[in-house]
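One file, my_file-v3.tsv, carrying TSV, C-alpha atoms:
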```tsv
chain	number	residue	atom	x	y	z
A	1	MET	CA	69.60	-96.20	107.31
A	2	GLU	CA	72.09	-97.48	104.75
A	3	ASP	CA	72.58	-96.20	101.22
A	4	GLY	CA	71.80	-99.65	99.84
A	5	LEU	CA	68.16	-99.31	100.86
A	6	ILE	CA	67.62	-96.19	98.82
A	7	ARG	CA	69.11	-97.72	95.70
A	8	SER	CA	67.23	-100.99	96.11
A	9	ILE	CA	63.78	-99.45	96.52
A	10	SER	CA	64.21	-96.55	94.10
A	11	THR	CA	64.72	-98.69	91.02
A	12	GLY	CA	61.81	-99.49	88.76
A	13	LEU	CA	59.44	-96.91	90.24
A	14	SER	CA	56.96	-95.34	87.86
A	15	GLN	CA	56.67	-91.55	87.86
A	16	LYS	CA	53.09	-91.90	89.06
A	17	GLY	CA	54.19	-93.67	92.22
A	18	VAL	CA	57.10	-91.41	93.16
A	19	ARG	CA	55.16	-89.05	95.44
A	20	ASP	CA	53.66	-91.86	97.47
A	21	HIS	CA	57.01	-93.63	97.62
A	22	ASN	CA	58.87	-90.56	98.85
A	23	GLU	CA	56.27	-89.76	101.49
A	24	ARG	CA	56.39	-93.31	102.81
A	25	LEU	CA	60.17	-93.23	102.80
A	26	LEU	CA	60.38	-90.06	104.90
A	27	LEU	CA	57.74	-91.29	107.34
A	28	SER	CA	59.58	-94.60	107.71
A	29	LEU	CA	62.84	-92.80	108.37
A	30	LEU	CA	61.22	-90.71	111.09
A	31	GLN	CA	59.58	-93.78	112.62
A	32	ARG	CA	62.86	-95.68	112.67
A	33	ASN	CA	65.27	-92.91	113.63
A	34	GLY	CA	63.15	-90.44	115.58
A	35	HIS	CA	62.77	-86.72	114.96
A	36	MET	CA	65.25	-84.97	112.68
A	37	PRO	CA	65.45	-81.84	110.49
A	38	GLY	CA	64.65	-81.89	106.81
A	39	SER	CA	68.33	-81.49	105.85
A	40	ASP	CA	69.21	-84.77	107.58
A	41	LEU	CA	66.20	-86.50	106.04
A	42	ALA	CA	67.26	-85.33	102.60
A	43	LYS	CA	70.71	-86.86	103.06
A	44	LEU	CA	69.38	-90.19	104.32
A	45	ALA	CA	66.73	-90.43	101.60
A	46	GLU	CA	69.03	-89.13	98.86
A	47	LEU	CA	66.37	-86.62	97.84
A	48	SER	CA	66.86	-82.94	97.12
A	49	PRO	CA	66.22	-80.54	100.03
A	50	PRO	CA	63.43	-78.73	98.10
A	51	THR	CA	61.67	-82.06	97.44
A	52	VAL	CA	61.89	-83.05	101.10
A	53	SER	CA	60.76	-79.60	102.23
A	54	THR	CA	57.68	-79.77	100.00
A	55	ILE	CA	56.72	-83.23	101.28
A	56	LEU	CA	57.25	-82.26	104.91
A	57	ARG	CA	55.06	-79.17	104.56
A	58	ARG	CA	52.32	-81.25	102.95
A	59	LEU	CA	52.43	-83.90	105.67
A	60	GLU	CA	52.49	-81.22	108.36
A	61	GLY	CA	49.44	-79.59	106.79
A	62	GLU	CA	47.66	-82.95	106.90
A	63	GLY	CA	48.47	-83.30	110.60
A	64	ILE	CA	50.66	-86.37	110.13
A	65	LEU	CA	53.88	-84.55	111.05
A	66	GLU	CA	54.56	-81.81	113.55
A	67	ARG	CA	57.49	-79.54	114.33
A	68	GLY	CA	59.77	-80.14	117.27
A	69	ASP	CA	61.64	-77.56	119.30
A	70	PRO	CA	64.32	-75.60	117.39
A	71	VAL	CA	67.87	-76.87	117.88
A	72	ARG	CA	70.24	-73.96	118.57
A	73	GLY	CA	73.95	-73.66	119.15
A	74	LYS	CA	75.24	-73.95	115.59
A	75	VAL	CA	76.17	-71.32	113.02
A	76	GLY	CA	73.20	-70.01	111.06
A	77	LYS	CA	69.50	-70.48	111.65
A	78	PRO	CA	68.41	-73.02	114.27
A	79	SER	CA	67.31	-76.31	112.71
A	80	ILE	CA	63.74	-77.44	113.32
A	81	PRO	CA	63.32	-81.22	113.59
A	82	MET	CA	60.20	-82.87	112.26
A	83	ARG	CA	58.50	-85.73	114.04
A	84	LEU	CA	55.50	-88.00	113.70
A	85	ALA	CA	52.44	-86.24	115.10
A	86	SER	CA	51.07	-88.16	118.06
A	87	ASN	CA	47.50	-87.42	116.98
A	88	GLY	CA	48.19	-87.82	113.26
A	89	VAL	CA	46.99	-91.40	112.83
A	90	PHE	CA	45.38	-94.06	115.04
A	91	SER	CA	44.95	-97.79	114.64
A	92	PHE	CA	43.21	-100.63	116.48
A	93	GLY	CA	44.91	-103.92	117.22
A	94	LEU	CA	43.11	-107.09	118.33
A	95	LYS	CA	44.96	-110.11	119.68
A	96	ILE	CA	42.91	-113.29	119.76
A	97	GLY	CA	44.58	-115.81	122.03
A	98	ARG	CA	43.66	-119.15	123.47
A	99	ARG	CA	43.34	-117.65	126.96
A	100	SER	CA	42.60	-113.95	126.43
A	101	ALA	CA	41.78	-111.28	123.87
A	102	ASP	CA	43.31	-107.79	123.93
A	103	LEU	CA	42.04	-104.76	122.07
A	104	VAL	CA	44.29	-101.69	121.88
A	105	LEU	CA	44.30	-98.32	120.19
A	106	ILE	CA	47.74	-96.90	119.36
A	107	ASP	CA	48.85	-93.64	117.81
A	108	LEU	CA	51.42	-93.01	115.09
A	109	ASN	CA	54.26	-93.25	117.62
A	110	GLY	CA	53.08	-96.59	118.98
A	111	GLU	CA	51.81	-95.13	122.24
A	112	LEU	CA	48.99	-97.08	123.84
A	113	ARG	CA	45.93	-94.80	123.99
A	114	GLU	CA	43.22	-97.27	125.00
A	115	GLU	CA	43.05	-100.93	125.90
A	116	ARG	CA	40.49	-103.57	126.76
A	117	GLN	CA	40.95	-107.19	127.82
A	118	LEU	CA	38.75	-110.27	127.87
A	119	THR	CA	39.90	-113.48	129.59
A	120	TYR	CA	38.33	-116.90	129.17
A	121	PRO	CA	39.03	-120.63	129.50
A	122	ILE	CA	38.01	-121.18	125.86
A	123	PRO	CA	37.66	-118.50	123.14
A	124	VAL	CA	34.11	-118.44	121.78
A	125	PRO	CA	33.86	-116.70	118.38
A	126	ASP	CA	30.69	-114.73	119.14
A	127	ASP	CA	32.13	-113.53	122.46
A	128	ILE	CA	35.34	-112.39	120.80
A	129	PHE	CA	33.61	-110.43	118.04
A	130	ASP	CA	31.11	-108.93	120.51
A	131	PHE	CA	34.13	-107.81	122.54
A	132	LEU	CA	35.69	-106.27	119.43
A	133	GLU	CA	32.50	-104.53	118.32
A	134	GLU	CA	31.72	-103.08	121.74
A	135	GLY	CA	35.33	-102.07	122.37
A	136	VAL	CA	35.72	-100.27	119.05
A	137	ARG	CA	32.35	-98.54	119.49
A	138	SER	CA	33.01	-97.32	123.04
A	139	ILE	CA	36.56	-96.16	122.32
A	140	THR	CA	35.60	-94.40	119.09
A	141	GLU	CA	32.62	-92.61	120.63
A	142	ALA	CA	34.78	-91.28	123.47
A	143	MET	CA	37.38	-89.82	121.09
A	144	ASP	CA	37.53	-86.30	119.72
A	145	PRO	CA	35.73	-86.41	116.32
A	146	ASP	CA	38.87	-85.25	114.51
A	147	HIS	CA	40.86	-88.04	116.14
A	148	SER	CA	38.31	-90.77	115.44
A	149	ALA	CA	38.32	-89.71	111.78
A	150	ARG	CA	42.04	-90.54	111.74
A	151	ILE	CA	41.61	-94.22	112.62
A	152	CYS	CA	43.09	-96.07	109.65
A	153	GLY	CA	42.01	-99.64	110.37
A	154	ILE	CA	42.17	-102.74	112.54
A	155	GLY	CA	44.92	-105.33	112.67
A	156	ILE	CA	44.06	-108.80	113.98
A	157	ALA	CA	46.71	-111.15	115.36
A	158	ALA	CA	45.70	-114.76	115.90
A	159	PRO	CA	47.53	-118.09	116.20
A	160	PHE	CA	48.13	-120.01	113.00
A	161	GLU	CA	45.32	-122.59	112.72
A	162	MET	CA	43.96	-121.83	116.19
A	163	TRP	CA	41.61	-124.78	115.93
A	164	ASN	CA	44.59	-127.18	116.07
A	165	TRP	CA	45.27	-127.54	119.79
A	166	PRO	CA	49.05	-127.98	120.19
A	167	ASP	CA	48.91	-130.21	123.26
A	168	PRO	CA	47.95	-133.78	122.22
A	169	SER	CA	47.45	-134.75	125.87
A	170	MET	CA	44.27	-132.67	125.99
A	171	ASP	CA	41.44	-133.20	123.54
A	172	MET	CA	40.38	-129.62	122.87
A	173	SER	CA	39.55	-130.08	119.20
A	174	ALA	CA	35.79	-129.87	119.75
A	175	ALA	CA	36.06	-126.63	121.73
A	176	PHE	CA	38.18	-124.92	119.08
A	177	ALA	CA	36.55	-126.45	115.99
A	178	PRO	CA	34.20	-123.46	115.34
A	179	TRP	CA	37.18	-121.27	114.47
A	180	GLU	CA	38.11	-123.36	111.44
A	181	GLY	CA	35.26	-122.08	109.32
A	182	ILE	CA	35.45	-118.41	110.33
A	183	ASP	CA	36.80	-115.69	108.04
A	184	LEU	CA	38.31	-113.36	110.64
A	185	LYS	CA	38.72	-110.48	108.21
A	186	GLU	CA	35.18	-110.66	106.88
A	187	GLU	CA	33.61	-110.97	110.34
A	188	ALA	CA	35.63	-108.09	111.81
A	189	GLN	CA	34.84	-105.78	108.88
A	190	ALA	CA	31.14	-106.57	109.20
A	191	ARG	CA	31.22	-105.69	112.88
A	192	THR	CA	33.28	-102.48	112.67
A	193	ASP	CA	33.28	-101.03	109.11
A	194	PHE	CA	37.07	-100.52	109.29
A	195	PRO	CA	39.65	-102.00	106.92
A	196	VAL	CA	41.02	-105.19	108.50
A	197	HIS	CA	44.48	-106.75	108.24
A	198	LEU	CA	45.41	-110.25	109.47
A	199	LEU	CA	48.72	-111.63	110.70
A	200	ASN	CA	50.11	-114.41	112.84
A	201	ASP	CA	50.12	-113.52	116.54
A	202	ALA	CA	53.79	-114.25	117.23
A	203	THR	CA	54.81	-112.42	114.06
A	204	ALA	CA	52.74	-109.47	115.29
A	205	ALA	CA	54.61	-109.50	118.60
A	206	CYS	CA	57.89	-109.53	116.68
A	207	GLN	CA	56.69	-106.59	114.59
A	208	ALA	CA	55.88	-104.60	117.74
A	209	GLU	CA	59.34	-105.27	119.16
A	210	HIS	CA	60.99	-104.38	115.86
A	211	THR	CA	59.04	-101.15	115.39
A	212	TYR	CA	58.79	-99.79	118.93
A	213	GLY	CA	61.14	-101.84	121.09
A	214	ARG	CA	64.66	-103.21	121.28
A	215	GLY	CA	64.48	-104.66	117.79
A	216	LYS	CA	65.89	-101.38	116.51
A	217	GLU	CA	69.22	-102.33	118.09
A	218	PHE	CA	69.79	-105.41	115.91
A	219	ARG	CA	69.95	-106.13	112.20
A	220	ASP	CA	69.22	-109.89	112.26
A	221	TYR	CA	67.60	-111.71	115.15
A	222	ALA	CA	65.19	-114.45	116.13
A	223	TYR	CA	62.35	-113.57	118.47
A	224	PHE	CA	60.56	-115.87	120.92
A	225	PHE	CA	57.24	-114.87	122.45
A	226	ILE	CA	55.89	-117.08	125.24
A	227	GLY	CA	52.13	-116.97	125.55
A	228	ALA	CA	49.72	-119.80	126.30
A	229	PHE	CA	51.82	-121.46	123.59
A	230	ILE	CA	55.24	-120.29	122.45
A	231	GLY	CA	55.76	-118.77	119.01
A	232	GLY	CA	58.32	-116.66	117.27
A	233	GLY	CA	59.40	-114.33	114.54
A	234	ILE	CA	62.43	-113.68	112.35
A	235	VAL	CA	64.07	-110.37	111.42
A	236	LEU	CA	66.50	-110.27	108.50
A	237	ASN	CA	68.23	-107.13	107.27
A	238	ASN	CA	66.16	-105.01	109.65
A	239	SER	CA	62.87	-106.35	108.25
A	240	VAL	CA	60.37	-108.75	109.78
A	241	PHE	CA	60.30	-111.76	107.48
A	242	GLU	CA	56.83	-113.32	107.29
A	243	GLY	CA	57.46	-115.96	104.64
A	244	ARG	CA	55.46	-117.10	101.65
A	245	GLN	CA	52.28	-117.83	103.64
A	246	GLY	CA	52.88	-115.56	106.63
A	247	ASN	CA	54.05	-118.41	108.86
A	248	ALA	CA	57.82	-117.86	108.91
A	249	GLY	CA	59.36	-118.00	112.35
A	250	ALA	CA	57.10	-120.81	113.55
A	251	LEU	CA	59.68	-121.48	116.24
A	252	GLY	CA	57.20	-123.27	118.46
A	253	SER	CA	57.44	-126.19	116.03
A	254	LEU	CA	61.17	-126.73	116.65
A	255	ARG	CA	61.88	-130.30	117.67
A	256	SER	CA	62.43	-131.17	121.32
A	257	ILE	CA	62.69	-134.29	123.47
A	258	GLY	CA	60.11	-135.14	126.11
A	259	PRO	CA	60.87	-136.41	129.64
A	260	ASN	CA	60.66	-140.02	128.47
A	261	GLY	CA	62.71	-139.52	125.34
A	262	GLU	CA	59.71	-139.07	123.08
A	263	SER	CA	59.77	-136.68	120.13
A	264	MET	CA	58.00	-133.42	120.94
A	265	GLN	CA	57.93	-129.79	119.86
A	266	LEU	CA	59.14	-126.69	121.68
A	267	VAL	CA	55.51	-125.63	122.08
A	268	ASP	CA	54.97	-128.74	124.24
A	269	MET	CA	57.90	-127.94	126.51
A	270	ALA	CA	58.21	-124.15	126.86
A	271	SER	CA	54.72	-122.66	126.97
A	272	ILE	CA	52.70	-121.08	129.76
A	273	HIS	CA	50.28	-123.93	129.17
A	274	GLN	CA	52.79	-126.18	130.96
A	275	LEU	CA	52.59	-123.95	134.01
A	276	GLU	CA	48.79	-124.05	133.81
A	277	LEU	CA	48.94	-127.84	134.00
A	278	ARG	CA	51.15	-127.66	137.09
A	279	LEU	CA	48.60	-125.41	138.79
A	280	ARG	CA	45.65	-127.63	137.88
A	281	GLU	CA	47.42	-130.60	139.43
A	282	VAL	CA	47.30	-128.86	142.82
A	283	ASP	CA	43.76	-127.48	142.33
A	284	LEU	CA	44.83	-123.88	141.68
A	285	ASP	CA	43.04	-121.75	139.11
A	286	PRO	CA	45.43	-121.06	136.20
A	287	GLN	CA	43.25	-118.20	134.97
A	288	GLN	CA	44.92	-115.94	137.54
A	289	LEU	CA	48.10	-116.01	135.44
A	290	TRP	CA	46.25	-113.96	132.82
A	291	SER	CA	44.09	-111.75	135.01
A	292	ASP	CA	46.44	-111.00	137.94
A	293	PRO	CA	50.13	-110.26	137.21
A	294	GLU	CA	50.96	-110.50	140.92
A	295	SER	CA	50.04	-114.20	140.85
A	296	TRP	CA	53.35	-114.92	139.09
A	297	HIS	CA	55.17	-113.88	142.26
A	298	ASN	CA	52.67	-115.39	144.67
A	299	LEU	CA	52.95	-118.74	142.87
A	300	SER	CA	56.77	-118.79	142.79
A	301	ARG	CA	56.78	-122.35	144.14
A	302	TYR	CA	55.33	-123.48	140.81
A	303	VAL	CA	56.67	-120.74	138.57
A	304	ASP	CA	60.32	-121.36	139.45
A	305	PRO	CA	60.56	-124.96	138.17
A	306	TRP	CA	58.63	-123.93	135.07
A	307	LEU	CA	61.17	-121.17	134.46
A	308	GLY	CA	64.01	-123.67	134.78
A	309	GLN	CA	62.55	-126.03	132.19
A	310	THR	CA	61.56	-123.22	129.84
A	311	ALA	CA	65.04	-121.67	130.02
A	312	GLN	CA	66.72	-124.96	129.15
A	313	GLU	CA	64.43	-125.46	126.17
A	314	LEU	CA	64.93	-121.89	124.95
A	315	ALA	CA	68.72	-122.22	125.19
A	316	LYS	CA	68.65	-125.26	122.91
A	317	ALA	CA	66.11	-123.66	120.57
A	318	ALA	CA	68.14	-120.45	120.33
A	319	LEU	CA	71.22	-122.33	119.18
A	320	SER	CA	69.16	-124.44	116.78
A	321	THR	CA	67.91	-121.31	115.03
A	322	CYS	CA	71.47	-120.02	114.78
A	323	SER	CA	72.55	-123.19	113.00
A	324	VAL	CA	70.43	-122.03	110.05
A	325	ILE	CA	71.10	-118.28	110.15
A	326	ASP	CA	73.85	-116.68	112.21
A	327	PHE	CA	71.55	-114.35	114.09
A	328	GLU	CA	73.15	-111.48	115.93
A	329	ALA	CA	70.75	-111.85	118.84
A	330	ILE	CA	67.89	-113.84	120.31
A	331	LEU	CA	65.14	-111.70	121.85
A	332	ILE	CA	62.77	-113.20	124.41
A	333	ASP	CA	59.46	-111.75	125.59
A	334	GLY	CA	56.18	-113.10	126.85
A	335	ALA	CA	52.83	-112.63	128.50
A	336	PHE	CA	54.24	-112.31	132.01
A	337	PRO	CA	55.61	-109.55	134.28
A	338	ALA	CA	58.89	-107.89	133.31
A	339	SER	CA	60.65	-109.33	136.37
A	340	VAL	CA	59.75	-112.86	135.27
A	341	ARG	CA	61.05	-112.08	131.77
A	342	GLU	CA	64.38	-110.83	133.15
A	343	ASP	CA	64.74	-113.94	135.30
A	344	LEU	CA	64.02	-116.17	132.31
A	345	VAL	CA	66.51	-114.37	130.06
A	346	SER	CA	69.20	-114.58	132.74
A	347	ARG	CA	68.67	-118.33	133.02
A	348	VAL	CA	68.78	-118.80	129.25
A	349	ARG	CA	72.11	-116.99	129.11
A	350	ARG	CA	73.54	-119.35	131.73
A	351	TYR	CA	72.25	-122.45	129.95
A	352	VAL	CA	73.57	-121.34	126.55
A	353	VAL	CA	77.08	-121.27	127.97
A	354	THR	CA	76.78	-124.96	128.90
A	355	GLN	CA	75.61	-126.09	125.43
A	356	ASP	CA	77.74	-127.61	122.68
A	357	THR	CA	78.29	-124.68	120.32
A	358	ARG	CA	80.81	-126.18	117.93
A	359	GLY	CA	80.41	-124.62	114.49
A	360	LEU	CA	78.16	-121.85	115.82
A	361	ILE	CA	78.63	-118.19	116.63
A	362	GLN	CA	76.90	-117.62	119.95
A	363	PRO	CA	74.17	-114.97	119.71
A	364	ARG	CA	73.41	-112.36	122.32
A	365	ILE	CA	70.48	-113.41	124.51
A	366	GLU	CA	68.40	-110.30	125.22
A	367	SER	CA	65.05	-109.32	126.70
A	368	GLY	CA	62.24	-107.96	124.62
A	369	SER	CA	60.68	-104.76	125.90
A	370	ILE	CA	57.02	-104.64	124.91
A	371	GLY	CA	55.54	-107.36	127.13
A	372	GLY	CA	52.12	-108.93	127.21
A	373	LYS	CA	50.47	-106.43	124.86
A	374	ALA	CA	53.07	-107.05	122.12
A	375	ARG	CA	50.74	-109.11	119.92
A	376	ALA	CA	47.93	-106.55	120.02
A	377	ILE	CA	50.31	-103.60	119.51
A	378	GLY	CA	51.99	-105.44	116.64
A	379	ALA	CA	48.61	-106.08	115.05
A	380	ALA	CA	47.84	-102.36	115.27
A	381	THR	CA	51.06	-101.48	113.44
A	382	ARG	CA	49.87	-103.30	110.33
A	383	PRO	CA	47.19	-100.80	109.15
A	384	ILE	CA	49.58	-97.90	109.81
A	385	GLY	CA	52.38	-99.61	107.95
A	386	ALA	CA	50.16	-100.56	105.03
A	387	GLN	CA	48.94	-97.01	104.50
A	388	PHE	CA	51.86	-94.81	105.52
A	389	MET	CA	55.18	-96.68	105.71
A	390	MET	CA	57.55	-98.43	103.33
A	391	GLN	CA	56.61	-102.05	102.83
A	392	ALA	CA	59.90	-103.65	103.71
A	393	SER	CA	61.09	-107.02	102.53
A	394	VAL	CA	64.24	-109.05	102.98
A	395	GLY	CA	67.12	-107.32	101.30
A	396	MET	CA	65.88	-103.89	102.30
A	397	THR	CA	67.24	-102.17	105.38
A	398	ILE	CA	64.85	-99.80	107.14
```

Please express what this file holds, its structure, as structure tokens.
Amino acid sequence: MEDGLIRSISTGLSQKGVRDHNERLLLSLLQRNGHMPGSDLAKLAELSPPTVSTILRRLEGEGILERGDPVRGKVGKPSIPMRLASNGVFSFGLKIGRRSADLVLIDLNGELREERQLTYPIPVPDDIFDFLEEGVRSITEAMDPDHSARICGIGIAAPFEMWNWPDPSMDMSAAFAPWEGIDLKEEAQARTDFPVHLLNDATAACQAEHTYGRGKEFRDYAYFFIGAFIGGGIVLNNSVFEGRQGNAGALGSLRSIGPNGESMQLVDMASIHQLELRLREVDLDPQQLWSDPESWHNLSRYVDPWLGQTAQELAKAALSTCSVIDFEAILIDGAFPASVREDLVSRVRRYVVTQDTRGLIQPRIESGSIGGKARAIGAATRPIGAQFMMQASVGMTI
């Protein structure tokens, strides 16, 4: 963590808000950097050791922090690192996709404690909310009462304007129309009685990567997540940038060129939906892509050409994003097995080398690390972040 963060977020704070601010700051430092002793936290946070010690004792007493093993080998008393307590806080995350819904429960360290999945050809609102209600009920009832009392809320990740089907070649507007009039937050709260937070699904995946994955390695990067339809996210100054209306990083809308020279979007050229179409053409059920990970290897005859096209499109899209902001890296993840992701990233790297990069600084092309559950896990980070962590914005380095 850089000194500039402390100065930028410490100005203008009222005395009333200092305690909450300092607690959030220390928790955010531990989340970002891992366990460390109070003396190191005091230096990073630019707080006095007594102040940090008091806060750490309070958070330990509340069960949010716990002590690690003493570190010996130095002069004086062994230092005792503090860390986020695995059972300190829990949060639900629900991803609503066009092909599947995922419900997860994570702990304060981002570990997946429980998960449920529902697959479908078309998402029906009542089915989705029944799935959420039943999943939350069954998971909560099976938990230790002390643990269930520590659930801080539900995050919901859904595509921006899900009722607008991205592929104009298929008239799906009637099937998705019911979603247009639904207040996701209101419906989820009525079904579960938990506080609910909403965010874009690709932004949620980016948040998961930034908080628990390889995003910690880079300061500025663009993130592509390939689901039924491709989306993305943007990280600036170590913070996920959501934009004025929460739709920043809508990388699926980048312009592309179709096979006949027609104007198209990246979402039309580099989505799993394109692979689904290939399978339907040969009378194969595309639903297996979502329910059976092994199908990606068994269907290599169709997956391989899809990977080739997707890699070419991602290579062009990656450089297009870097023409606006000189991103350090491009991270790529998706709702497919890790081996498929590695193959895709390798191909993108090769294609980037062949592109015209005049006036650009080539970014690193890297794999994400969270995988298919990234959107649900990212959704679950939102209630935890809202209640316990610093609310970062561009210009602040966490």

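Here CA of Gln387 in chain A and CA of Ile234 in chain A stand 22.8 Å from one another.
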
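Going from CA of Glu242 in chain A to CA of Cys206 in chain A covers 10.2 Å.
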
Contact check, range 193-231 of chain A to range 304-319 of chain A, at most 12 Å, counting only C-alpha atoms, closest pairs as a tab-separated table:
```
residue	atom	partner	partner_atom	distance
A:Tyr221	CA	A:Ala318	CA	10.2
A:Ala222	CA	A:Ala318	CA	7.9
A:Tyr223	CA	A:Ala318	CA	9.2
A:Phe224	CA	A:Leu314	CA	8.5
A:Phe225	CA	A:Leu314	CA	10.7
A:Ile226	CA	A:Thr310	CA	9.5
A:Phe229	CA	A:Thr310	CA	11.7
A:Ile230	CA	A:Leu314	CA	10.1
A:Gly231	CA	A:Leu314	CA	11.4
```

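For Arg67 in chain A, the list of residues within 10 Å, based on all atoms listed in the file and with local chain neighbours fewer than 6 positions off taken out, reads His35, Met36, Pro37, Leu56, Glu60, Ile80, Pro81, Met82, Arg83, Leu84 and Ala85 of chain A.
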
Keeping C-alpha atoms for every residue in the selection just given, could you write it to a file as a short mmCIF file (atom, residue, chain, number, x, y, z; two decimals), keeping the file's coordinate frame?
```cif
data_model
loop_
_atom_site.label_atom_id
_atom_site.label_comp_id
_atom_site.auth_asym_id
_atom_site.auth_seq_id
_atom_site.Cartn_x
_atom_site.Cartn_y
_atom_site.Cartn_z
CA HIS A 35 62.77 -86.72 114.96
CA MET A 36 65.25 -84.97 112.68
CA PRO A 37 65.45 -81.84 110.49
CA LEU A 56 57.25 -82.26 104.91
CA GLU A 60 52.49 -81.22 108.36
CA ILE A 80 63.74 -77.44 113.32
CA PRO A 81 63.32 -81.22 113.59
CA MET A 82 60.20 -82.87 112.26
CA ARG A 83 58.50 -85.73 114.04
CA LEU A 84 55.50 -88.00 113.70
CA ALA A 85 52.44 -86.24 115.10
#
```

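The gap separating CA of Val71 in chain A from CA of Pro50 in chain A is 20.4 Å, in Å to one decimal.
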
His147 in chain A environment, 9 Å, only C-alpha atoms, sequence neighbours closer than 3 positions dropped, as a PyMOL selection string: chain A and resi 87-90+140+143-144+150-151

Just want the 9 Å neighbourhood of Ala379 in chain A, counted on all atoms listed in the file, with same-chain residues fewer than 4 positions away dropped. Output as an NGL selection string. :A and (92-95 or 154-157 or 197-201 or 203-205 or 207-208 or 374-375 or 383)

Set the distance at 8 Å and use all atoms listed in the file: which residues neighbour range 212-218 of chain A once local chain neighbours fewer than 3 positions away are removed? I'd like the list as JSON, numbers by chain. {"A": [32, 110, 208, 209, 221, 238, 328, 329, 368, 369, 370]}

Counting all atoms listed in the file, which of A:Arg113, A:Asp107, A:Trp296, A:Leu279 gets nearest to Ser339 in chain A? A:Trp296

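Between Arg219 in chain A and the residues A:Phe129, A:Phe327, A:Phe336, A:Tyr120, the shortest atom-to-atom distance, using only C-alpha atoms, involves A:Phe327.
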
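If you measure from each of A:Gly371, A:Gly261, A:Gly153, A:Pro125 to Gly334 in chain A using all atoms listed in the file, the closest one turns out to be A:Gly371.
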
Spatial sel., origin (37.9, -104.2, 122.2), limit 6 Å, all atoms listed in the file, listed as a PyMOL selection string: chain A and resi 103+116+131-132+135-136

To box range 289-292 of chain A, take all atoms listed in the file, fit an axis-aligned box, add 4 Å on each side, and give centre and edge lengths in Å to one decimal, as AutoDock Vina command-line options.
```
--center_x 46.1 --center_y -113.5 --center_z 135.4 --size_x 12.0 --size_y 13.0 --size_z 13.1
```

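Taking all atoms listed in the file into account, Leu236 in chain A lies nearest to A:Asp220 out of the set A:Met389, A:Leu299, A:Cys152, A:Asp220.
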